[in-house]
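Enquirer: Please read through the structure below; I'll follow up with questions.
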Amino acid sequence: MITLYHAPHSRSSMIVWLLEELGQPYKIALTPIVYGNGTGSPAPETYRAIHPHKKVPAIDHDGVTVFECAGIAAYVADRFPQANLAPKPDDPKRGLYASLMAYWAGPLNAIPTARMSGWDKDKPTGFGTFDEMEAFLEKTIVGADPWLFGEQFSAADVLYAAALNFYMMFDLLPKKPVYVDYAARANERPAAKRAQEKDNG
């Protein structure tokens with residue numbers, strides 16, 4: 001059984017979606033966190049054994065703890081191959097899949113965070129420029145037909161669609177048709193709708 005440590009309307013919301021796509025039994029352990037705007041309350045100190053910063057998401061899968069979105073996505077996609085949420089290890093697409101998962105966790109999170117916080121005003125960050133990131137993202141999403149790996153919907157699609165939803169909501173990315181259409185396709189998936197209902201519930 002998978003236990004998801006989750007706070008509503010947080011980064012762990014995309015993992016609710018991912019677990020709905022996975023089709024395996026899971027339960028949600030609501031976990032207090034301090035949100036980015038300073039609201040909320042911290043998790044108890046004992047929770048640091050689950051997540052080093054007392055954040056979400058994290059999962060416990062039969063005694064195995066995994067934390068952070070990309071780590072969880074990579075773990076469950078490989079642990080439950082029957083869900084077909086990742087290219088197989090010997091698939092030529094596996095290299096791009098691994099790269100996109102790492103890119104999501106690195107530049108695709110760090111660069112917009114720097115822009116949102118105004119850290120890149122005077123000099124570029126070590127992750128690259130916002131324009132470079134956005135050009136790569138657009139190229140990647142343009143190639144999604146209908147998903148990042150063709151007909152196969154993957155764990156990476158959950159992460160990238162969630163990122164687009166968030167960045168466009170806060171005007172960090174322009175609402176280009178290619179972004180809007182890809183996110184809309186993803187948001188219409190039954191698993192995404194079920195996850196939204198659970199997150200709002």
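Every chain in the structure tokens has a letter given in the order shown (A, B, ...), and although residue numbers restart at 1 in each chain, ligands are simply numbered from 1 in the order shown.
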Enumerate, in order of chain and increasing residue number, the residues of stretch 51-88 of chain A with an atom no farther than 10 Å from stretch 25-28 of chain A, each with its shortest atom pair and distance in Å to one decimal, counting only C-alpha atoms, as CSV.
Expert:
residue,atom,partner,partner_atom,distance
A:Ile59,CA,A:Ile28,CA,9.3
A:Asp60,CA,A:Tyr26,CA,9.8
A:His61,CA,A:Tyr26,CA,9.1
Enquirer: Any chance you could list, as a PyMOL selection string, the residues in stretch 33-155 of chain A that come up strand (DSSP E or B) when DSSP is run on the backbone?
Expert: chain A and resi 34+40+58-61+64-67+125+128+147+149-150+152
Enquirer: As a PyMOL selection string, please: the residues near A:Val64 (cut-off 12 Å, only C-alpha atoms, same-chain neighbours under 5 positions excluded).
Expert: chain A and resi 1-4+50+58-59+72+75-76+79
Enquirer: Between A:Ala98, A:Ala162, A:Ala83, A:Leu18, single out the one closest to A:Arg185, counting only C-alpha atoms.
Expert: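 Under the stated criterion, the closest residue is A:Ala162.
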Enquirer: Between A:Leu100, A:Gly63, A:Asn109, A:Gly40, which is the closest to A:Ala86 once you count only C-alpha atoms?
Expert: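 The shortest atom-to-atom distance to A:Ala86 comes from A:Leu100.
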Enquirer: Please, what distance in Å, to one decimal, runs between atom CA of A:Glu68 and atom CA of A:Asp145?
Expert: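 Taking atom CA of A:Glu68 and atom CA of A:Asp145, their separation equals 27.5 Å.
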Enquirer: Would you pick out the contacts of A:Lys93 at 12 Å or less, using only C-alpha atoms, so that residues sharing its chain but fewer than 4 positions from it are not included, and give the list as a PDB file with C-alpha atoms, in the first residue's frame?
Expert:
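Heads up, here's the output in selection.pdb:
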ATOM      1  CA  ALA A  86       7.435   5.356 -18.438  1.00  0.00           C
ATOM      2  CA  PRO A  87       9.333   4.091 -21.473  1.00  0.00           C
ATOM      3  CA  LYS A  88      10.903   0.715 -20.764  1.00  0.00           C
ATOM      4  CA  PRO A  89      14.619   0.696 -19.799  1.00  0.00           C
ATOM      5  CA  TYR A  97      12.423  10.520 -20.426  1.00  0.00           C
ATOM      6  CA  ALA A  98      15.242  10.525 -17.859  1.00  0.00           C
ATOM      7  CA  SER A  99      16.431  13.912 -19.120  1.00  0.00           C
ATOM      8  CA  LEU A 100      12.961  15.481 -18.946  1.00  0.00           C
ATOM      9  CA  LEU A 148       5.616  13.819 -24.586  1.00  0.00           C
ATOM     10  CA  PHE A 149       6.209  10.257 -25.824  1.00  0.00           C
ATOM     11  CA  GLY A 150       3.508  10.040 -28.440  1.00  0.00           C
ATOM     12  CA  GLN A 152       2.059   6.831 -24.254  1.00  0.00           C
ATOM     13  CA  SER A 154       3.808   9.120 -18.841  1.00  0.00           C
TER      14      SER A 154
END
Enquirer: Among stretch 93-135 of chain A, which ones does DSSP place in helix (DSSP H, G or I), written as JSON, numbers by chain?
Expert: {"A": [94, 95, 96, 97, 98, 99, 100, 101, 102, 103, 104, 105, 107, 108, 109, 110, 111, 112, 113, 114, 115, 116, 117, 130, 131, 132, 133, 134, 135]}
Enquirer: Could you please take those selected residues and save C-alpha atoms as a PDB file, in the first residue's frame?
Expert:
ATOM      1  CA  ARG A  94      14.190   6.253 -22.098  1.00  0.00           C
ATOM      2  CA  GLY A  95      17.077   8.715 -22.432  1.00  0.00           C
ATOM      3  CA  LEU A  96      14.776  11.631 -23.186  1.00  0.00           C
ATOM      4  CA  TYR A  97      12.423  10.520 -20.426  1.00  0.00           C
ATOM      5  CA  ALA A  98      15.242  10.525 -17.859  1.00  0.00           C
ATOM      6  CA  SER A  99      16.431  13.912 -19.120  1.00  0.00           C
ATOM      7  CA  LEU A 100      12.961  15.481 -18.946  1.00  0.00           C
ATOM      8  CA  MET A 101      12.404  14.167 -15.423  1.00  0.00           C
ATOM      9  CA  ALA A 102      15.707  15.678 -14.278  1.00  0.00           C
ATOM     10  CA  TYR A 103      15.054  18.905 -16.196  1.00  0.00           C
ATOM     11  CA  TRP A 104      11.692  19.283 -14.465  1.00  0.00           C
ATOM     12  CA  ALA A 105      13.335  18.910 -11.050  1.00  0.00           C
ATOM     13  CA  PRO A 107      15.921  24.178 -14.441  1.00  0.00           C
ATOM     14  CA  LEU A 108      12.152  23.995 -14.953  1.00  0.00           C
ATOM     15  CA  ASN A 109      11.608  24.630 -11.246  1.00  0.00           C
ATOM     16  CA  ALA A 110      14.634  26.725 -10.359  1.00  0.00           C
ATOM     17  CA  ILE A 111      14.533  29.258 -13.198  1.00  0.00           C
ATOM     18  CA  PRO A 112      10.858  30.280 -12.808  1.00  0.00           C
ATOM     19  CA  THR A 113      11.358  30.416  -9.030  1.00  0.00           C
ATOM     20  CA  ALA A 114      14.251  32.817  -9.587  1.00  0.00           C
ATOM     21  CA  ARG A 115      12.072  34.934 -11.893  1.00  0.00           C
ATOM     22  CA  MET A 116       9.165  34.957  -9.443  1.00  0.00           C
ATOM     23  CA  SER A 117      11.480  36.061  -6.634  1.00  0.00           C
ATOM     24  CA  PHE A 130      14.536  32.176 -18.489  1.00  0.00           C
ATOM     25  CA  ASP A 131      14.460  32.616 -22.277  1.00  0.00           C
ATOM     26  CA  GLU A 132      16.542  29.451 -22.768  1.00  0.00           C
ATOM     27  CA  MET A 133      14.269  27.510 -20.480  1.00  0.00           C
ATOM     28  CA  GLU A 134      11.119  28.774 -22.164  1.00  0.00           C
ATOM     29  CA  ALA A 135      12.465  28.021 -25.648  1.00  0.00           C
TER      30      ALA A 135
END
Enquirer: Name the residues in contact with A:Thr31 at a cut-off of 9 Å, using only C-alpha atoms, excluding same-chain residues fewer than 6 positions from it; report them as a PyMOL selection string.
Expert: chain A and resi 5-8+42-43+47+55-56
Enquirer: Keeping N, CA and C atoms for every residue in the selection just given, could you write it to a file as a PDB file, in the first residue's frame?
Expert:
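Saved as selection19.pdb:
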ATOM      1  N   TYR A   5       1.883  11.481   1.741  1.00  0.00           N
ATOM      2  CA  TYR A   5       1.860  12.619   2.663  1.00  0.00           C
ATOM      3  C   TYR A   5       1.557  13.850   1.820  1.00  0.00           C
ATOM      4  N   HIS A   6       0.400  14.444   2.097  1.00  0.00           N
ATOM      5  CA  HIS A   6      -0.176  15.420   1.172  1.00  0.00           C
ATOM      6  C   HIS A   6      -0.738  16.621   1.913  1.00  0.00           C
ATOM      7  N   ALA A   7      -0.552  17.793   1.313  1.00  0.00           N
ATOM      8  CA  ALA A   7      -1.213  19.023   1.753  1.00  0.00           C
ATOM      9  C   ALA A   7      -2.027  19.550   0.576  1.00  0.00           C
ATOM     10  N   PRO A   8      -3.293  19.844   0.775  1.00  0.00           N
ATOM     11  CA  PRO A   8      -4.128  20.300  -0.346  1.00  0.00           C
ATOM     12  C   PRO A   8      -3.552  21.541  -1.030  1.00  0.00           C
ATOM     13  N   PRO A  42       3.722  24.324  10.476  1.00  0.00           N
ATOM     14  CA  PRO A  42       4.731  23.305  10.187  1.00  0.00           C
ATOM     15  C   PRO A  42       4.314  21.924  10.672  1.00  0.00           C
ATOM     16  N   ALA A  43       4.802  20.918   9.970  1.00  0.00           N
ATOM     17  CA  ALA A  43       4.607  19.540  10.403  1.00  0.00           C
ATOM     18  C   ALA A  43       5.405  19.308  11.681  1.00  0.00           C
ATOM     19  N   TYR A  47       8.147  14.383  11.575  1.00  0.00           N
ATOM     20  CA  TYR A  47       7.942  14.217  10.131  1.00  0.00           C
ATOM     21  C   TYR A  47       9.236  14.409   9.344  1.00  0.00           C
ATOM     22  N   LYS A  55       8.384  19.027   4.208  1.00  0.00           N
ATOM     23  CA  LYS A  55       7.528  19.449   3.109  1.00  0.00           C
ATOM     24  C   LYS A  55       6.785  18.244   2.541  1.00  0.00           C
ATOM     25  N   VAL A  56       5.938  18.495   1.566  1.00  0.00           N
ATOM     26  CA  VAL A  56       5.284  17.440   0.804  1.00  0.00           C
ATOM     27  C   VAL A  56       5.632  17.665  -0.665  1.00  0.00           C
TER      28      VAL A  56
END
Enquirer: One decimal, in Å: what's the spacing between atom CA of A:Ala73 and atom CA of A:Ala186?
Expert: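 Computed distance, atom CA of A:Ala73 to atom CA of A:Ala186, equals 16.1 Å.
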Enquirer: What's the 12 Å shell around A:Glu151, counting only C-alpha atoms, without same-chain residues fewer than 4 positions away, as a short mmCIF file (atom, residue, chain, number, x, y, z; two decimals) with C-alpha atoms, in the first residue's frame?
Expert:
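Writing done, so here's result05.cif:
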data_model
loop_
_atom_site.label_atom_id
_atom_site.label_comp_id
_atom_site.auth_asym_id
_atom_site.auth_seq_id
_atom_site.Cartn_x
_atom_site.Cartn_y
_atom_site.Cartn_z
CA ASN A 84 2.86 2.01 -18.56
CA LEU A 85 3.84 5.43 -17.19
CA ALA A 86 7.44 5.36 -18.44
CA PRO A 87 9.33 4.09 -21.47
CA GLY A 143 6.54 17.83 -30.01
CA ALA A 144 3.89 16.34 -27.71
CA ASP A 145 1.57 14.38 -30.02
CA PRO A 146 -0.53 14.06 -28.01
CA TRP A 147 1.90 13.40 -25.13
CA ASP A 157 3.37 14.34 -18.61
#
Enquirer: Excluding A:Ser10 and its own-chain neighbours fewer than 4 positions away, which residues fall within 10 Å of it when counting only C-alpha atoms? Please give them as an NGL selection string.
Expert: :A and (6 or 14-15 or 33 or 35-36 or 55-57 or 199)
